[in-house]
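A quick write-up on the structure given underneath.
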Amino acid sequence: MIHRQRLQQAQSSVDAAARQMQSQGRPRYHFLPPAFWMNDPNGCIYLNGRYHLYYQHYPYAPRWGSMHWGHASSSDLVHWQHHPIALAPSEVYDDHPEGGVFSGSTICRDGKLYAFYTGTANHGSGFEQTQCMAVSDDGGETFEKYADNPVITRLPDGASPDFRDPRILWHNGCYYMVLGNSLGGGAWHGGEGCIQLYRSENLTEWHYVGIPLRSRGELGTMWECPDLFPLDDKWVLTFSPMFNGNRKARYFVGTMDFEEPAFIIEQSGELDWGGEWYASQSMKDDKGRTILIAWQNCWDWMPWWKGFGPKQSENWCGNCALPRTVRLDDQHRLISLPIEELKSLRGRAVTCSDRKIGEKPWEIPCEDPECFEMVMVLDLSAATASSLELNLRSNEEKGTLLTVDIANRRLLFNRENADEYSTGIFNCDLQPEGSLLTLHIFSDISSIEIFTDGGRTCMSNTIYPVHGSQRNILCARGGTVVLQSITVWQMKGVW
Ligand code: FRU
């Protein structure tokens, strides 16, 4: 009863703000709520021919607050339909004003959709995080909270109260729940990140199994939003470690022992090297694809955090990065590529080929210099330049500088001068195979996403340029580079 009232209240608030919403400053082809705040994707699932996305949502202001689960669905991961808010804080175990219904996942069983989330409360002895369940028998539209919630209350020995973000999976005739946790001091006091594993036969009674993998001081203080999924004949573990320098989206590939809990790492890497790609969730679809969706923003504890962005003044804050499909290469490294369906947004294209780029700036011809998809193929074998600079979304004073450091095989994304707001320089190694380097770039009003090295290297960042006459300019330093081909598509908006 109270839950329903809270949902109605929240929905009226979002609907009223959405009616006033100006669209110009918002992303044109990225997912975001009708108004106000979002963070992590939650409960991502492909169900009855549609992709469902729930998400951490504060429906009263463009800032983080007591968390709800917003809900949207799509048949192609590109065009989204908003649904009524699915979960709101309403019970003693999930109604902390600075907590609420935290992140989690969903699983389908006998035609019902079960959502698992972390309820956060404070009964006087500090922040409590327990694991809760809600059930939908109308395909994920409305949920009833389970009467015997929470389904997990007690902390495992040695665990700090940072104990959240249940990821449910079905394996070998059992349900498993993977949770993010911090051992010892907790997320903010030097704890050590880990995942905790539980098992259940019926989704309501959960038995503790143990800790399959933990940090020993080198992998962050708390592992937020863990995800564990099979890919080919391996298991992939992804999570977002807190206080782990600029690495905030780790992946491990290996084998998983669910009995004597242990994740044996065979390969590892970064899902993303940019500033804004966090708390990803995977889902499998009927085409056999594994798709990852992540929040495109960052937290205040990240080294480059400056704020959640200037768009709060427009009554919204936060969006999802573009969905990616993932697979493993022959060395079991994760390959992340933008979903194929994005091609449906391609508008008019401009193409050039075989162009020598030197010190003299060359303006890349395109229909829309702000919202575009660009595929650029560079022939490094013929390069005499030490680097190539792509000044994105620039005018005479401002611009975002993407540098391909050819000599040192590095990629640098510098947004210090992108706009009136952004700061941060992000860089990573390039691992091109052979002499061709392909840069695949998506630009939307407030974001730039880069895929290169055949999907082994990705960078997702926000930028907030408001300056007029934006252009995309290319030049080489210390010699020339051959641009084998470049195509720039204007991107159609979906909102
Ligand atoms: C990660 C996170 C989760 C938590 C949620 C709260 O971004 O901190 O660990 O459940 O956000 O909104």
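Scheme for the structure tokens: letters A, B, ... for chains in order shown; per-chain residue numbers from 1; ligand numbers from 1 in order shown.
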
Spatial neighbours of Thr118 of chain A, max dist 7 Å, only C-alpha atoms, sep filter under 5 positions, as JSON, numbers by chain: {"A": [101, 102, 103, 104, 129, 130, 131, 132, 164, 165, 166]}

Writing out the chosen residues with N, CA and C atoms as a short mmCIF file (atom, residue, chain, number, x, y, z; two decimals), in the first residue's frame:
data_model
loop_
_atom_site.label_atom_id
_atom_site.label_comp_id
_atom_site.auth_asym_id
_atom_site.auth_seq_id
_atom_site.Cartn_x
_atom_site.Cartn_y
_atom_site.Cartn_z
N VAL A 101 16.32 2.04 -2.28
CA VAL A 101 16.37 0.78 -3.02
C VAL A 101 17.61 0.81 -3.91
N PHE A 102 18.66 0.17 -3.46
CA PHE A 102 19.94 0.20 -4.18
C PHE A 102 19.96 -0.79 -5.34
N SER A 103 21.13 -0.88 -5.96
CA SER A 103 21.28 -1.65 -7.19
C SER A 103 21.05 -3.15 -7.01
N GLY A 104 20.73 -3.80 -8.11
CA GLY A 104 20.50 -5.24 -8.09
C GLY A 104 20.20 -5.76 -9.47
N GLN A 129 22.80 -2.55 5.17
CA GLN A 129 22.50 -2.97 3.81
C GLN A 129 22.11 -4.45 3.83
N THR A 130 20.88 -4.72 3.43
CA THR A 130 20.39 -6.10 3.40
C THR A 130 19.89 -6.41 2.00
N GLN A 131 19.74 -7.71 1.72
CA GLN A 131 19.35 -8.10 0.36
C GLN A 131 17.86 -8.45 0.34
N CYS A 132 17.17 -7.87 -0.60
CA CYS A 132 15.71 -7.97 -0.63
C CYS A 132 15.23 -8.45 -2.00
N ARG A 164 26.51 -5.11 -0.91
CA ARG A 164 25.38 -4.71 -1.77
C ARG A 164 25.49 -5.20 -3.21
N ASP A 165 24.45 -4.83 -3.97
CA ASP A 165 24.37 -5.01 -5.42
C ASP A 165 24.28 -6.48 -5.83
N PRO A 166 23.23 -7.20 -5.37
CA PRO A 166 23.13 -8.63 -5.68
C PRO A 166 22.96 -8.90 -7.18
#

Within 10 Å of segment 208-211 of chain A using only C-alpha atoms, minus same-chain residues under 5 positions, as an MDAnalysis selection string: chainID A and resid 152 155:157 176:179 181 194:200 258:263

Mind listing the residues within 9 Å of ligand 1, only C-alpha atoms and all ligand atoms counted, as a count of residues only? 37

As number ranges by chain, please: every residue in segment 71-150 of chain A that DSSP puts in strand (DSSP E). A: 71-74, 81-87, 100-109, 112-122, 127-136, 144-145

Could you check how far atom CA of Met256 of chain A sits from atom CA of Arg289 of chain A, in Å to one decimal? 20.8 Å

Any idea what's packed within 6 Å of Thr487 of chain A, counting only C-alpha atoms, ignoring anything in its chain fewer than 6 positions away? Could you give it as number ranges by chain? A: 350-351, 374-375

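In terms of minimum interatomic distance to Leu380 of chain A, A:Val481 ranks closest within A:Ala16, A:Val253, A:Leu474, A:Val481, counting only C-alpha atoms.
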